[in-house]
file final02.csv (CSV, C-alpha atoms)
chain,number,residue,atom,x,y,z
A,207,MET,CA,-7.1,112.4,-170.5
A,208,ILE,CA,-3.5,111.3,-170.0
A,209,GLN,CA,-2.4,111.6,-166.3
A,210,VAL,CA,0.8,113.5,-165.8
A,211,ASP,CA,2.4,113.5,-162.4
A,212,GLU,CA,5.1,115.8,-161.2
A,213,ILE,CA,8.0,114.5,-159.1
A,214,THR,CA,11.2,116.0,-157.8
A,215,ILE,CA,14.0,113.7,-156.6
A,216,PRO,CA,15.3,115.1,-153.3
A,217,GLU,CA,18.8,116.5,-153.5
A,218,HIS,CA,20.3,113.9,-151.0
A,219,ILE,CA,19.1,111.0,-153.2
A,220,HIS,CA,22.1,111.0,-155.6
A,221,GLY,CA,24.8,108.6,-156.7
A,222,TYR,CA,27.3,110.7,-158.5
A,223,PRO,CA,27.0,114.3,-157.4
A,224,ASP,CA,23.9,116.1,-158.6
A,225,VAL,CA,22.7,113.0,-160.5
A,226,ALA,CA,19.7,111.2,-159.1
A,227,PHE,CA,20.4,107.7,-157.7
A,228,GLY,CA,19.4,105.3,-160.5
A,229,GLY,CA,17.9,102.6,-158.4
A,230,PHE,CA,15.6,105.1,-156.6
A,231,VAL,CA,14.5,106.6,-159.9
A,232,ALA,CA,13.8,103.1,-161.2
A,233,GLY,CA,11.8,102.4,-158.0
A,234,VAL,CA,9.7,105.5,-158.4
A,235,LEU,CA,8.8,104.4,-161.9
A,236,ALA,CA,8.1,100.8,-160.6
A,237,THR,CA,5.4,102.2,-158.4
A,238,ARG,CA,3.6,103.2,-161.6
A,239,CYS,CA,4.1,99.8,-163.4
A,240,PRO,CA,1.5,97.0,-162.8
A,241,GLU,CA,3.8,94.3,-164.2
A,242,PRO,CA,5.4,92.0,-161.6
A,243,THR,CA,8.7,92.2,-163.4
A,244,ALA,CA,9.8,95.5,-164.9
A,245,ARG,CA,12.8,97.0,-166.8
A,246,VAL,CA,13.9,100.6,-166.5
A,247,ASP,CA,16.0,102.1,-169.3
A,248,PHE,CA,17.9,105.3,-168.5
A,249,ARG,CA,18.2,107.6,-171.5
A,250,ALA,CA,19.9,110.6,-169.9
A,251,LYS,CA,21.1,111.9,-166.5
A,252,VAL,CA,18.2,112.5,-164.1
A,253,PRO,CA,18.8,115.6,-162.0
A,254,VAL,CA,18.0,116.0,-158.4
A,255,GLY,CA,16.0,119.0,-157.0
A,256,THR,CA,14.3,119.6,-160.3
A,257,PRO,CA,10.6,119.1,-161.2
A,258,LEU,CA,10.1,116.2,-163.6
A,259,ALA,CA,7.1,114.6,-165.2
A,260,MET,CA,5.9,111.0,-165.2
A,261,THR,CA,3.7,110.2,-168.2
A,262,PRO,CA,2.0,106.9,-169.2
A,263,THR,CA,3.3,105.2,-172.3
A,264,ALA,CA,2.0,102.3,-174.3
A,265,VAL,CA,1.6,98.8,-172.7
A,266,ASN,CA,1.6,99.8,-169.1
A,267,GLY,CA,4.7,101.8,-169.3
A,268,THR,CA,5.7,105.2,-167.8
A,269,ALA,CA,8.3,107.8,-169.0
A,270,LEU,CA,10.1,110.3,-166.8
A,271,THR,CA,10.7,113.5,-168.7
A,272,ASP,CA,12.2,116.9,-168.1
A,273,ALA,CA,10.6,120.3,-168.5
A,274,GLU,CA,11.3,120.2,-172.3
A,275,GLY,CA,9.8,116.8,-172.7
A,276,LYS,CA,13.0,114.9,-173.1
A,277,VAL,CA,12.8,111.3,-171.9
A,278,LEU,CA,15.2,110.6,-169.1
A,279,ALA,CA,14.1,107.1,-168.2
A,280,GLU,CA,11.2,104.8,-168.9
A,281,ILE,CA,9.8,101.6,-167.6
A,282,GLY,CA,7.9,98.6,-169.0
A,283,GLY,CA,7.1,95.0,-168.3
A,284,THR,CA,9.8,92.4,-169.0
A,285,THR,CA,10.8,88.9,-168.2
A,286,LEU,CA,13.8,87.9,-166.0
A,287,SER,CA,15.7,84.6,-166.1
A,288,LEU,CA,18.7,84.4,-163.8
A,289,ASP,CA,21.0,81.7,-162.5
A,290,ILE,CA,21.0,82.9,-158.9
A,291,PRO,CA,23.9,81.7,-156.8
A,292,PRO,CA,23.2,80.7,-153.2
A,293,ALA,CA,23.2,83.6,-150.7
A,294,PRO,CA,26.3,83.8,-148.5
A,295,SER,CA,25.4,83.2,-144.8
A,296,TRP,CA,24.5,86.1,-142.6
A,297,ALA,CA,27.7,85.4,-140.6
A,298,GLU,CA,29.8,85.7,-143.8
A,299,ALA,CA,28.1,88.9,-144.9
A,300,GLU,CA,28.2,90.5,-141.5
A,301,ALA,CA,31.9,89.7,-141.0
A,302,LEU,CA,32.8,91.1,-144.4
A,303,THR,CA,30.9,94.3,-143.9
A,304,THR,CA,32.4,94.8,-140.4
A,305,ARG,CA,35.9,94.2,-141.7
A,306,VAL,CA,35.7,96.4,-144.7
A,307,LEU,CA,34.2,99.3,-142.8
A,308,ALA,CA,37.0,99.1,-140.2
A,309,SER,CA,39.7,98.7,-142.8
A,310,GLY,CA,39.2,101.9,-144.7
A,311,GLU,CA,39.3,100.1,-148.1
A,312,ARG,CA,36.0,101.6,-149.2
A,313,ARG,CA,35.8,105.3,-150.2
A,314,VAL,CA,33.6,107.3,-147.9
A,315,THR,CA,30.9,109.0,-150.0
A,316,HIS,CA,27.4,110.5,-149.8
A,317,CYS,CA,26.1,108.0,-152.4
A,318,TYR,CA,22.5,107.2,-151.4
A,319,GLY,CA,23.1,103.5,-151.8
A,320,CYS,CA,26.5,102.8,-150.4
A,321,GLY,CA,27.7,106.0,-148.9
A,322,ALA,CA,29.0,105.7,-145.3
A,323,ALA,CA,28.8,109.4,-144.9
A,324,CYS,CA,24.9,109.3,-145.2
A,325,GLU,CA,23.1,109.5,-141.9
A,326,PRO,CA,20.8,106.6,-141.1
A,327,GLY,CA,17.5,107.0,-142.9
A,328,ARG,CA,19.1,109.5,-145.4
A,329,GLY,CA,20.7,106.7,-147.3
A,330,LEU,CA,20.6,102.9,-147.5
A,331,ARG,CA,24.0,102.5,-145.8
A,332,LEU,CA,24.5,99.3,-147.7
A,333,PHE,CA,28.2,98.5,-148.0
A,334,PRO,CA,28.9,95.8,-150.6
A,335,TRP,CA,32.4,94.3,-151.0
A,336,ALA,CA,34.0,91.2,-152.5
A,337,LEU,CA,33.9,88.0,-150.6
A,338,PRO,CA,37.3,86.3,-150.3
A,339,ASP,CA,37.9,83.5,-152.8
A,340,ARG,CA,34.4,83.8,-154.4
A,341,GLU,CA,33.1,85.6,-157.5
A,342,LEU,CA,30.5,87.3,-155.3
A,343,ILE,CA,29.9,90.7,-153.8
A,344,ALA,CA,28.0,90.8,-150.4
A,345,ALA,CA,26.8,93.1,-147.7
A,346,ALA,CA,24.9,92.7,-144.4
A,347,TRP,CA,22.1,95.1,-144.4
A,348,VAL,CA,19.6,96.1,-141.7
A,349,PRO,CA,17.3,98.7,-143.4
A,350,ASP,CA,16.6,101.8,-141.2
A,351,PRO,CA,13.0,102.2,-140.2
A,352,ALA,CA,13.0,105.6,-142.0
A,353,LEU,CA,13.3,103.6,-145.3
A,354,GLY,CA,10.0,101.9,-144.7
A,355,ALA,CA,6.3,102.6,-145.1
A,356,ALA,CA,3.7,102.7,-142.4
A,357,ASP,CA,3.5,98.9,-142.4
A,358,GLY,CA,7.2,98.6,-141.7
A,359,ALA,CA,8.1,97.3,-145.2
A,360,VAL,CA,10.9,99.0,-147.1
A,361,THR,CA,9.3,101.1,-149.8
A,362,THR,CA,9.5,100.0,-153.5
A,363,GLU,CA,11.8,103.0,-154.3
A,364,ASN,CA,14.3,101.8,-151.6
A,365,VAL,CA,14.1,98.1,-152.5
A,366,TRP,CA,15.0,99.0,-156.1
A,367,SER,CA,17.7,101.3,-154.7
A,368,ALA,CA,19.2,98.3,-152.8
A,369,LEU,CA,19.4,96.4,-156.1
A,370,ASP,CA,21.6,99.0,-157.7
A,371,CYS,CA,25.0,99.6,-155.9
A,372,PRO,CA,25.8,95.9,-155.3
A,373,GLY,CA,25.8,95.4,-159.1
A,374,GLY,CA,28.1,98.2,-159.6
A,375,HIS,CA,30.5,96.8,-157.1
A,376,ALA,CA,30.4,93.4,-158.9
A,377,GLY,CA,31.5,95.2,-162.1
A,378,PHE,CA,34.1,97.3,-160.4
A,379,LEU,CA,35.7,94.7,-158.1
A,380,LEU,CA,35.2,91.5,-160.1
A,381,SER,CA,35.1,92.5,-163.7
A,382,GLY,CA,37.5,95.4,-164.0
A,383,MET,CA,34.8,98.0,-164.8
A,384,ARG,CA,36.3,101.4,-164.5
A,385,GLN,CA,35.0,104.2,-162.3
A,386,GLY,CA,32.6,106.6,-164.0
A,387,ALA,CA,30.4,103.7,-165.2
A,388,VAL,CA,26.6,104.2,-164.8
A,389,THR,CA,23.5,102.1,-164.6
A,390,ALA,CA,22.0,102.0,-168.1
A,391,ALA,CA,19.2,99.5,-167.4
A,392,LEU,CA,17.8,97.8,-164.4
A,393,SER,CA,15.3,94.9,-164.5
A,394,ALA,CA,13.8,93.6,-161.2
A,395,THR,CA,11.1,91.5,-159.6
A,396,LEU,CA,10.1,91.9,-155.9
A,397,LEU,CA,9.3,88.5,-154.4
A,398,ARG,CA,8.4,89.3,-150.7
A,399,PRO,CA,8.4,92.4,-148.5
A,400,ILE,CA,11.7,93.5,-146.9
A,401,GLN,CA,11.0,94.5,-143.3
A,402,ALA,CA,12.9,97.5,-142.0
A,403,GLY,CA,14.9,96.8,-138.9
A,404,GLU,CA,15.4,93.2,-139.8
A,405,PRO,CA,18.7,91.7,-141.1
A,406,HIS,CA,19.1,91.1,-144.8
A,407,ILE,CA,21.8,90.1,-147.2
A,408,ALA,CA,22.6,91.8,-150.5
A,409,TYR,CA,24.8,90.0,-152.9
A,410,ALA,CA,25.8,90.4,-156.6
A,411,TRP,CA,27.7,88.6,-159.3
A,412,PRO,CA,29.1,89.3,-162.8
A,413,ILE,CA,27.1,87.8,-165.7
A,414,GLY,CA,29.0,89.0,-168.8
A,415,ARG,CA,30.9,91.8,-170.6
A,416,ASP,CA,30.7,93.2,-174.1
A,417,GLY,CA,33.2,96.0,-174.6
A,418,ARG,CA,32.1,98.9,-172.4
A,419,LYS,CA,28.9,97.0,-171.3
A,420,TYR,CA,28.8,94.9,-168.1
A,421,THR,CA,25.8,92.7,-167.1
A,422,VAL,CA,25.4,91.8,-163.4
A,423,GLY,CA,22.9,90.1,-161.2
A,424,VAL,CA,21.8,91.2,-157.8
A,425,ALA,CA,19.7,89.5,-155.1
A,426,LEU,CA,18.3,90.5,-151.7
A,427,SER,CA,17.5,87.8,-149.2
A,428,THR,CA,16.6,87.4,-145.5
A,429,ALA,CA,19.3,86.5,-143.1
A,430,ALA,CA,18.1,82.9,-143.5
A,431,GLY,CA,18.7,83.1,-147.3
A,432,GLU,CA,15.1,83.4,-148.5
A,433,LEU,CA,15.0,85.5,-151.6
A,434,CYS,CA,13.2,88.9,-151.4
A,435,ALA,CA,14.1,90.5,-154.7
A,436,VAL,CA,16.3,89.9,-157.7
A,437,SER,CA,17.6,92.0,-160.5
A,438,GLU,CA,19.7,92.1,-163.6
A,439,ALA,CA,21.5,95.4,-164.5
A,440,LEU,CA,23.4,96.7,-167.4
A,441,TRP,CA,26.2,99.1,-166.6
A,442,ILE,CA,28.1,101.1,-169.2
A,443,GLU,CA,31.5,102.8,-169.1
A,444,PRO,CA,31.5,106.2,-170.7
A,445,ARG,CA,33.6,106.6,-173.8
A,446,GLY,CA,37.0,108.0,-173.3
A,447,LEU,CA,37.7,106.6,-169.9

call {"tool": "encode", "arguments": {"input": "final02.csv", "output": "structure tokens"}}
result
Amino acid sequence: MIQVDEITIPEHIHGYPDVAFGGFVAGVLATRCPEPTARVDFRAKVPVGTPLAMTPTAVNGTALTDAEGKVLAEIGGTTLSLDIPPAPSWAEAEALTTRVLASGERRVTHCYGCGAACEPGRGLRLFPWALPDRELIAAAWVPDPALGAADGAVTTENVWSALDCPGGHAGFLLSGMRQGAVTAALSATLLRPIQAGEPHIAYAWPIGRDGRKYTVGVALSTAAGELCAVSEALWIEPRGL
């Protein structure tokens, strides 16, 4: 018998209003995928506060569907080959994050990933921005304990979430991607646990552009620069922007 699990994305876990945060959705699916490196493809908007179903697919995959059976997202194993730049130093990332938050350059939103209006533990509070004179986005990040599991490690859903927003900022700030763009696919591999309460660095860089499609890379490291997770994302601008 095929196992079908029901899940509802909580209403506060959104990016754009009423749309479930892509990285979190990808992380939920990743908990059901045995492959060490996986790719999530988004087929349609995933709503918050609505019961959805997770159903196994061929070759260790899982599909997320709505009440009518429409596929909203699906995951499967993949390979990932990235030319990963060195992480900025913790001092660089911390100084950048402190400056940008104080400057008011960033919009204040309730985005689960990068929203400064989110209370600690109700969002990642990860604030990526462009490093001066470098083709790199960076943020200093100390995950709130509420984002972790009983062992203190940040949950899979929240690690994948942290691999989402920095890539969008790489597109917006470094490649001219227009507002309204969305994550269309996210591939990631988790290399070591990310401990809540400890300092980490998130950074991202542009990889390429093809019309409305933007490919970006994202990495999470310890404050000492040891890689914890890496990803490649495809972002797409909607038609008509």

call {"tool": "closest_atom_pairs", "arguments": {"input": "final02.csv", "of": "region 302-402 of chain A", "to": "region 427-447 of chain A", "cutoff": "8 Å", "atoms": "only C-alpha atoms", "output": "CSV"}}
result
residue,atom,partner,partner_atom,distance
A:Val365,CA,A:Ala435,CA,7.9
A:Leu369,CA,A:Ser437,CA,6.5
A:Asp370,CA,A:Ala439,CA,7.7
A:Gly373,CA,A:Ala439,CA,6.9
A:Gly374,CA,A:Trp441,CA,7.3
A:Gly377,CA,A:Trp441,CA,8.0
A:Met383,CA,A:Glu443,CA,7.2
A:Arg384,CA,A:Glu443,CA,6.8
A:Gln385,CA,A:Glu443,CA,7.8
A:Gly386,CA,A:Glu443,CA,6.5
A:Ala387,CA,A:Glu443,CA,4.2
A:Val388,CA,A:Trp441,CA,5.4
A:Thr389,CA,A:Trp441,CA,4.5
A:Ala390,CA,A:Trp441,CA,5.3
A:Ala391,CA,A:Leu440,CA,5.0
A:Leu392,CA,A:Ala439,CA,4.4
A:Ser393,CA,A:Glu438,CA,5.3
A:Ala394,CA,A:Ser437,CA,4.2
A:Thr395,CA,A:Val436,CA,5.8
A:Leu396,CA,A:Ala435,CA,4.4
A:Leu397,CA,A:Cys434,CA,4.9
A:Arg398,CA,A:Cys434,CA,4.9
A:Pro399,CA,A:Cys434,CA,6.6
A:Ile400,CA,A:Cys434,CA,6.6

call {"tool": "residues_around", "arguments": {"input": "final02.csv", "residues": "Thr271 (chain A)", "least_positions_apart": "2", "cutoff": "7 Å", "atoms": "only C-alpha atoms", "output": "short mmCIF file (atom, residue, chain, number, x, y, z; two decimals) with C-alpha atoms, in the coordinates of the input"}}
result
data_model
loop_
_atom_site.label_atom_id
_atom_site.label_comp_id
_atom_site.auth_asym_id
_atom_site.auth_seq_id
_atom_site.Cartn_x
_atom_site.Cartn_y
_atom_site.Cartn_z
CA LEU A 258 10.10 116.20 -163.60
CA ALA A 259 7.10 114.60 -165.20
CA MET A 260 5.90 111.00 -165.20
CA ALA A 269 8.30 107.80 -169.00
CA ALA A 273 10.60 120.30 -168.50
CA GLY A 275 9.80 116.80 -172.70
CA LYS A 276 13.00 114.90 -173.10
CA VAL A 277 12.80 111.30 -171.90
CA LEU A 278 15.20 110.60 -169.10
#

call {"tool": "residues_around", "arguments": {"input": "final02.csv", "residues": "region 320-337 of chain A", "least_positions_apart": "4", "cutoff": "9 Å", "atoms": "only C-alpha atoms", "output": "MDAnalysis selection string"}}
result
chainID A and resid 218:219 221 294 298:299 302:303 306:307 312:316 341:353 364 367:368 371:372 375:376 379:380 408:410

call {"tool": "atom_distance", "arguments": {"input": "final02.csv", "atom1": "CA of Asp272 (chain A)", "atom2": "CA of Phe230 (chain A)"}}
result
16.8 Å

call {"tool": "closest_residue", "arguments": {"input": "final02.csv", "among": "A:Ala250, A:Thr421, A:Leu288, A:Cys239", "to": "Ala264 (chain A)", "atoms": "only C-alpha atoms"}}
result
A:Cys239

call {"tool": "atom_distance", "arguments": {"input": "final02.csv", "atom1": "CA of Val360 (chain A)", "atom2": "CA of Glu404 (chain A)"}}
result
10.4 Å
